[in-house]
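> Input upload.cif, format and content: mmCIF, C-alpha atoms.
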```cif
data_upload
loop_
_atom_site.label_atom_id
_atom_site.label_comp_id
_atom_site.auth_asym_id
_atom_site.auth_seq_id
_atom_site.Cartn_x
_atom_site.Cartn_y
_atom_site.Cartn_z
CA MET D 14 120.08 76.15 125.31
CA LEU D 15 117.78 79.09 124.74
CA VAL D 16 119.83 82.24 124.22
CA LEU D 17 118.30 85.69 124.76
CA THR D 18 119.94 89.08 124.55
CA ARG D 19 119.05 91.49 127.34
CA LYS D 20 119.99 95.04 128.24
CA LYS D 21 120.37 96.55 131.67
CA ASN D 22 117.06 96.62 133.56
CA GLU D 23 115.45 94.21 131.15
CA SER D 24 113.95 91.02 132.51
CA ILE D 25 112.84 87.60 131.55
CA ILE D 26 109.98 85.68 133.13
CA ILE D 27 110.22 81.95 133.67
CA ASP D 28 107.18 79.82 134.31
CA GLU D 29 105.00 82.88 135.12
CA HIS D 30 106.44 83.29 138.62
CA ILE D 31 110.18 83.74 138.30
CA GLU D 32 111.56 87.06 137.13
CA ILE D 33 115.23 87.52 136.36
CA THR D 34 116.46 91.09 135.84
CA ILE D 35 119.83 92.33 134.63
CA LEU D 36 120.63 95.00 137.23
CA GLU D 37 124.16 96.00 136.37
CA VAL D 38 126.81 95.19 133.83
CA SER D 39 130.39 96.08 134.54
CA GLY D 40 133.19 94.40 132.63
CA ASP D 41 132.76 90.64 132.91
CA GLN D 42 130.55 90.94 135.98
CA ILE D 43 126.80 91.00 135.75
CA LYS D 44 124.53 91.67 138.67
CA ILE D 45 121.30 89.70 138.41
CA GLY D 46 118.14 90.20 140.42
CA ILE D 47 115.85 87.23 140.94
CA ASN D 48 112.26 87.48 142.04
CA ALA D 49 110.90 84.04 142.72
CA PRO D 50 108.46 82.32 145.04
CA LYS D 51 110.16 81.39 148.31
CA LYS D 52 109.83 77.69 147.60
CA VAL D 53 112.11 78.00 144.58
CA GLU D 54 115.63 76.76 145.20
CA ILE D 55 118.38 79.03 143.88
CA ILE D 56 122.00 77.94 144.16
CA ARG D 57 125.21 79.34 142.75
CA LYS D 58 126.34 76.59 140.41
CA GLU D 59 129.99 76.65 141.43
CA ILE D 60 129.02 75.99 145.05
CA LEU D 61 126.87 73.04 144.01
CA GLU D 62 129.75 71.67 141.94
CA LYS D 63 132.10 72.06 144.89
CA VAL D 64 129.67 70.13 147.09
CA GLU D 65 129.31 67.40 144.46
CA SER D 66 133.04 67.00 144.25
CA GLU D 67 133.44 67.04 148.05
CA ASN D 68 130.74 64.36 148.35
CA GLN D 69 132.65 62.21 145.85
CA LYS D 70 135.78 62.61 147.96
CA ALA D 71 133.91 61.97 151.21
CA ARG D 72 132.50 58.68 149.99
CA THR D 73 134.35 56.19 152.15
CA THR D 74 136.50 53.49 150.64
CA SER D 75 137.54 51.99 153.95
CA LEU D 76 136.85 52.76 157.54
CA ASN D 77 139.09 52.35 160.53
CA LEU D 78 136.57 52.24 163.36
CA ASP D 79 139.34 52.67 165.96
CA MET D 80 139.77 56.21 164.66
CA PHE D 81 136.50 57.21 166.28
CA LYS D 82 137.21 55.87 169.75
CA MET O 7 113.79 44.68 156.82
CA LYS O 8 117.33 43.51 156.37
CA VAL O 9 119.95 45.96 155.15
CA HIS O 10 123.42 45.07 153.90
CA THR O 11 125.97 47.56 155.16
CA ARG O 12 129.51 48.23 154.16
CA TYR O 13 131.01 48.23 157.65
CA HIS O 14 128.45 46.71 160.00
CA GLY O 15 127.41 43.49 158.29
CA ASP O 16 123.71 42.85 157.81
CA LEU O 17 121.41 44.88 160.01
CA GLU O 18 117.75 44.34 160.78
CA ILE O 19 116.06 47.73 160.73
CA SER O 20 112.49 48.94 160.87
CA ASP O 21 110.97 50.92 158.02
CA ASN O 22 110.84 54.10 160.09
CA GLU O 23 114.63 54.17 160.31
CA VAL O 24 114.95 54.75 156.58
CA ILE O 25 115.89 58.31 155.64
CA TYR O 26 114.63 59.53 152.29
CA PHE O 27 116.65 61.94 150.18
CA LYS O 28 114.10 62.40 147.43
CA ASN O 29 116.62 63.73 144.90
CA GLY O 30 119.64 61.93 146.32
CA ILE O 31 122.54 64.12 147.37
CA PRO O 32 124.72 66.18 145.01
CA GLY O 33 126.96 63.79 143.11
CA PHE O 34 124.77 60.80 143.97
CA PRO O 35 121.34 61.55 142.52
CA ASP O 36 120.28 57.90 142.15
CA GLU O 37 120.61 56.77 145.76
CA THR O 38 117.64 58.04 147.74
CA LYS O 39 117.37 55.75 150.76
CA TYR O 40 119.85 55.72 153.61
CA ILE O 41 120.17 54.70 157.23
CA LEU O 42 122.25 56.30 159.97
CA ILE O 43 124.43 53.95 162.00
CA PRO O 44 125.93 55.65 165.09
CA LEU O 45 129.63 55.01 165.68
CA GLY O 46 129.44 54.46 169.40
CA GLU O 47 126.99 55.67 172.02
CA ASN O 48 128.52 59.02 172.86
CA SER O 49 130.20 59.65 169.56
CA PRO O 50 129.08 62.55 167.37
CA PHE O 51 129.91 60.38 164.34
CA SER O 52 127.61 58.10 162.39
CA VAL O 53 127.82 56.25 159.12
CA LEU O 54 125.29 57.30 156.51
CA GLN O 55 124.78 54.07 154.61
CA SER O 56 122.94 53.79 151.31
CA ILE O 57 120.37 51.02 151.36
CA GLU O 58 120.39 50.71 147.60
CA LEU O 59 124.14 50.60 147.06
CA ILE O 60 126.12 48.82 149.75
CA GLU O 61 129.38 50.40 148.55
CA LEU O 62 128.05 53.90 149.17
CA ALA O 63 128.63 55.11 152.71
CA PHE O 64 129.72 58.36 154.30
CA VAL O 65 130.91 59.32 157.72
CA VAL O 66 128.76 62.14 159.06
CA THR O 67 128.92 64.07 162.29
CA ASP O 68 126.88 66.26 164.52
CA PRO O 69 128.67 69.54 163.68
CA PHE O 70 127.98 71.33 166.95
CA PRO O 71 130.57 69.61 169.21
CA PHE O 72 133.15 70.94 166.75
CA TYR O 73 131.60 74.26 165.80
CA LYS O 74 129.24 75.34 168.55
CA ASP O 75 128.42 78.60 166.79
CA TYR O 76 127.56 76.90 163.50
CA GLU O 77 124.31 78.33 162.23
CA PHE O 78 122.25 78.80 159.12
CA GLU O 79 118.73 79.74 158.27
CA VAL O 80 116.52 77.02 156.82
CA PRO O 81 114.76 78.66 153.87
CA ASP O 82 111.15 78.17 152.86
CA TYR O 83 111.98 75.81 150.04
CA MET O 84 113.66 73.44 152.51
CA ILE O 85 110.78 73.70 154.98
CA ASN O 86 108.47 73.02 152.07
CA GLN O 87 110.36 70.07 150.63
CA LEU O 88 110.98 68.38 153.97
CA ASP O 89 107.53 69.29 155.30
CA ILE O 90 109.01 70.72 158.51
CA LYS O 91 106.33 71.76 160.97
CA ASN O 92 108.49 72.92 163.86
CA LYS O 93 112.17 73.39 164.46
CA GLU O 94 112.39 70.68 167.10
CA GLU O 95 111.94 68.13 164.33
CA VAL O 96 115.10 69.25 162.55
CA ARG O 97 118.32 67.28 162.82
CA VAL O 98 121.58 68.44 161.30
CA TYR O 99 124.56 66.35 160.25
CA CYS O 100 127.59 67.29 158.20
CA ILE O 101 129.58 65.00 155.93
CA VAL O 102 133.14 64.21 156.95
CA THR O 103 135.93 63.73 154.41
CA LEU O 104 138.25 61.30 156.15
CA GLY O 105 141.99 61.67 156.23
CA ASP O 106 144.43 59.27 157.83
CA SER O 107 143.35 60.45 161.25
CA LEU O 108 140.66 62.72 162.62
CA ASP O 109 143.22 65.53 162.74
CA THR O 110 143.58 65.40 158.98
CA SER O 111 139.86 64.86 158.35
CA THR O 112 137.57 67.69 157.38
CA VAL O 113 133.88 68.47 157.72
CA ASN O 114 131.66 70.08 155.11
CA LEU O 115 129.84 72.98 156.74
CA GLN O 116 128.85 74.45 153.37
CA ALA O 117 126.27 71.76 152.75
CA PRO O 118 124.69 70.30 155.90
CA LEU O 119 122.35 67.34 155.79
CA VAL O 120 119.04 68.59 157.12
CA LEU O 121 116.68 65.88 158.33
CA ASN O 122 113.09 66.00 159.46
CA SER O 123 113.03 63.47 162.30
CA LYS O 124 109.22 63.24 162.13
CA ASN O 125 108.91 61.96 158.58
CA ASN O 126 112.57 61.02 157.91
CA ASN O 127 112.87 63.24 154.87
CA GLY O 128 116.33 64.63 154.28
CA LYS O 129 118.12 66.96 151.95
CA GLN O 130 121.66 68.18 151.63
CA PHE O 131 121.21 71.90 151.91
CA VAL O 132 123.75 73.87 149.89
CA LEU O 133 124.33 77.18 151.68
CA ASN O 134 124.66 80.19 149.37
CA THR O 135 127.27 81.70 151.61
CA ASP O 136 130.98 82.25 151.73
CA LYS O 137 130.92 82.08 155.52
CA TYR O 138 131.36 78.30 155.44
CA HIS O 139 133.15 76.03 153.02
CA THR O 140 133.45 72.33 152.32
CA LYS O 141 136.64 71.62 154.27
CA HIS O 142 136.68 72.75 157.89
CA VAL O 143 139.09 71.05 160.25
CA LEU O 144 137.60 68.76 162.88
CA LYS O 145 138.72 70.56 166.00
CA MET O 146 136.98 68.95 168.89
CA ASN O 147 137.11 70.84 172.14
CA LYS O 148 138.83 67.99 173.96
CA LYS O 149 138.72 69.65 177.36
CA GLU O 150 134.94 69.74 177.26
CA MET O 151 134.85 66.11 176.17
CA VAL O 152 136.94 65.05 179.14
CA GLN O 153 134.79 67.01 181.57
CA GLU O 154 131.65 65.46 180.16
CA GLY O 155 133.08 61.95 180.33
#
```
Could you write out this structure as structure tokens?

Amino acid sequence: MLVLTRKKNESIIIDEHIEITILEVSGDQIKIGINAPKKVEIIRKEILEKVESENQKARTTSLNLDMFK
Amino acid sequence: MKVHTRYHGDLEISDNEVIYFKNGIPGFPDETKYILIPLGENSPFSVLQSIELIELAFVVTDPFPFYKDYEFEVPDYMINQLDIKNKEEVRVYCIVTLGDSLDTSTVNLQAPLVLNSKNNNGKQFVLNTDKYHTKHVLKMNKKEMVQEG
């Protein structure tokens, strides 16, 4: 993993088009601003992990078709 | 082509019934081809069956009979990836986590399956919102159902 140290209002640029700016630091919370082309997908990782785990649970192991009548 | 299914035996389907999830769905990145098998003519439920892995199947539902106000904005990256040209092409399903009965089953409104019915591209769209979560109860408005029937 590449590790960079940034201060408030400093940015990094990824792949020429994506700019990530540290907007605010307060305790263990950091507010990040992201400027990216609209086609770039940005997801909070914990939501993605929740969806992955829900999908694993939703995978059917048996199906009682009568349930849907 | 013939497809082996987990619950419906072997089915003969045409190529245009195959739904492509280019990057799979979260948790199942390797399975990219599915078919939808409706569970009854007037049922909101279908089985989403992997073509590549017979053991992999989900129950999905049209979310709107349960949550008529369910809504989300489809962002540009989804429109781009699914090559959506107009909104009439879009179909929405949500994955159901089954309990012992429908009353104890839940539906994932946080991450709807968005399908382009024109080209059969699909993607599970993870909503960056706290408005919906992954376990909503399946509360069908039974009165409406009876009236319709």
> Give me the residues near Ser107 of chain O as a PyMOL selection string, where near means some atom within 7 Å (using all atoms listed in the file) and where sequence neighbours in that chain fewer than 3 positions away do not count.
(chain D and resi 80) or (chain O and resi 110-111)
> Keeping only C-alpha atoms, take the residues you just selected and write them out as a tab-separated table (two decimals), in the coordinates of the input.

```tsv
chain	number	residue	atom	x	y	z
D	80	MET	CA	139.77	56.21	164.66
O	110	THR	CA	143.58	65.40	158.98
O	111	SER	CA	139.86	64.86	158.35
```
> Would you compute the distance between atom CA of Tyr76 of chain O and atom CA of Glu23 of chain O? Give it in Å to one decimal.
26.3 Å
> Which residues come within 12 Å of Val38 of chain D, counting only C-alpha atoms, excluding same-chain residues fewer than 3 positions away, as a list in words?
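Neighbouring residues, sequence-local ones excluded: Arg19, Lys20, Lys21, Asn22, Glu23, Thr34, Ile35, Asp41, Gln42, Ile43, Lys44, Ile45 and Gly46 of chain D.
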> Starting from chain O, keep only residues with some atom at most 10 Å from an atom of chain D, counting all atoms listed in the file, and report them as number ranges by chain.
O: 12-13, 31-34, 45-46, 48-54, 61-66, 81-87, 101-108, 111-114, 116-117, 130-136, 139-141
> Separation of atom CA of Leu88 of chain O and atom CA of Ser123 of chain O, in Å?
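Spanning atom CA of Leu88 of chain O to atom CA of Ser123 of chain O is a straight-line distance of 9.9 Å.
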> As an exercise, work out the distance from atom CA of Asn29 of chain O to atom CA of Val120 of chain O in Å and give it to one decimal place.
13.4 Å
> I'd like the contact shell of Asn127 of chain O - 7 Å cut-off, only C-alpha atoms, skipping same-chain residues fewer than 6 positions apart - returned as a count of residues only.
5
> Using only C-alpha atoms - which residues lie no farther than 9 Å from the point (127.0, 68.5, 165.9) in the file's frame? Write them as a count of residues only.
14
> Missing atoms in segment 29-45 of chain D: fill them in up to N, CA, C and O atoms and send the result as a compact mmCIF listing (two decimals), keeping the file's coordinate frame.

```txt
# COMPACT_ATOMS: atom_id res chain seq x y z
N GLU D 29 105.96 81.90 134.58
CA GLU D 29 105.00 82.88 135.12
C GLU D 29 105.41 83.51 136.45
O GLU D 29 104.97 84.58 136.79
N HIS D 30 106.21 82.82 137.26
CA HIS D 30 106.44 83.29 138.62
C HIS D 30 107.86 83.75 138.90
O HIS D 30 108.13 84.34 139.94
N ILE D 31 108.77 83.43 138.01
CA ILE D 31 110.18 83.74 138.30
C ILE D 31 110.64 84.84 137.36
O ILE D 31 110.57 84.71 136.14
N GLU D 32 111.11 85.94 137.94
CA GLU D 32 111.56 87.06 137.13
C GLU D 32 113.06 87.27 137.36
O GLU D 32 113.52 87.40 138.49
N ILE D 33 113.78 87.31 136.27
CA ILE D 33 115.23 87.52 136.36
C ILE D 33 115.54 88.84 135.65
O ILE D 33 115.21 89.02 134.47
N THR D 34 116.19 89.75 136.38
CA THR D 34 116.46 91.09 135.84
C THR D 34 117.96 91.35 135.80
O THR D 34 118.67 91.01 136.77
N ILE D 35 118.43 91.90 134.70
CA ILE D 35 119.83 92.33 134.63
C ILE D 35 119.91 93.69 135.32
O ILE D 35 119.33 94.67 134.85
N LEU D 36 120.60 93.76 136.45
CA LEU D 36 120.63 95.00 137.23
C LEU D 36 121.83 95.88 136.86
O LEU D 36 121.73 97.09 136.86
N GLU D 37 122.94 95.22 136.58
CA GLU D 37 124.16 96.00 136.37
C GLU D 37 125.15 95.20 135.55
O GLU D 37 125.30 94.00 135.76
N VAL D 38 125.78 95.85 134.62
CA VAL D 38 126.81 95.19 133.83
C VAL D 38 128.08 96.01 133.98
O VAL D 38 128.07 97.22 133.75
N SER D 39 129.14 95.34 134.41
CA SER D 39 130.39 96.08 134.54
C SER D 39 131.54 95.13 134.24
O SER D 39 131.82 94.21 134.99
N GLY D 40 132.14 95.31 133.08
CA GLY D 40 133.19 94.40 132.63
C GLY D 40 132.62 93.00 132.45
O GLY D 40 131.57 92.84 131.83
N ASP D 41 133.28 92.00 133.06
CA ASP D 41 132.76 90.64 132.91
C ASP D 41 131.86 90.24 134.08
O ASP D 41 131.54 89.08 134.28
N GLN D 42 131.45 91.24 134.87
CA GLN D 42 130.55 90.94 135.98
C GLN D 42 129.15 91.46 135.68
O GLN D 42 128.97 92.58 135.21
N ILE D 43 128.18 90.61 135.98
CA ILE D 43 126.80 91.00 135.75
C ILE D 43 126.04 90.79 137.04
O ILE D 43 126.13 89.72 137.67
N LYS D 44 125.33 91.81 137.46
CA LYS D 44 124.53 91.67 138.67
C LYS D 44 123.10 91.32 138.25
O LYS D 44 122.50 92.01 137.44
N ILE D 45 122.62 90.21 138.80
CA ILE D 45 121.30 89.70 138.41
C ILE D 45 120.37 89.76 139.60
O ILE D 45 120.74 89.39 140.71
```
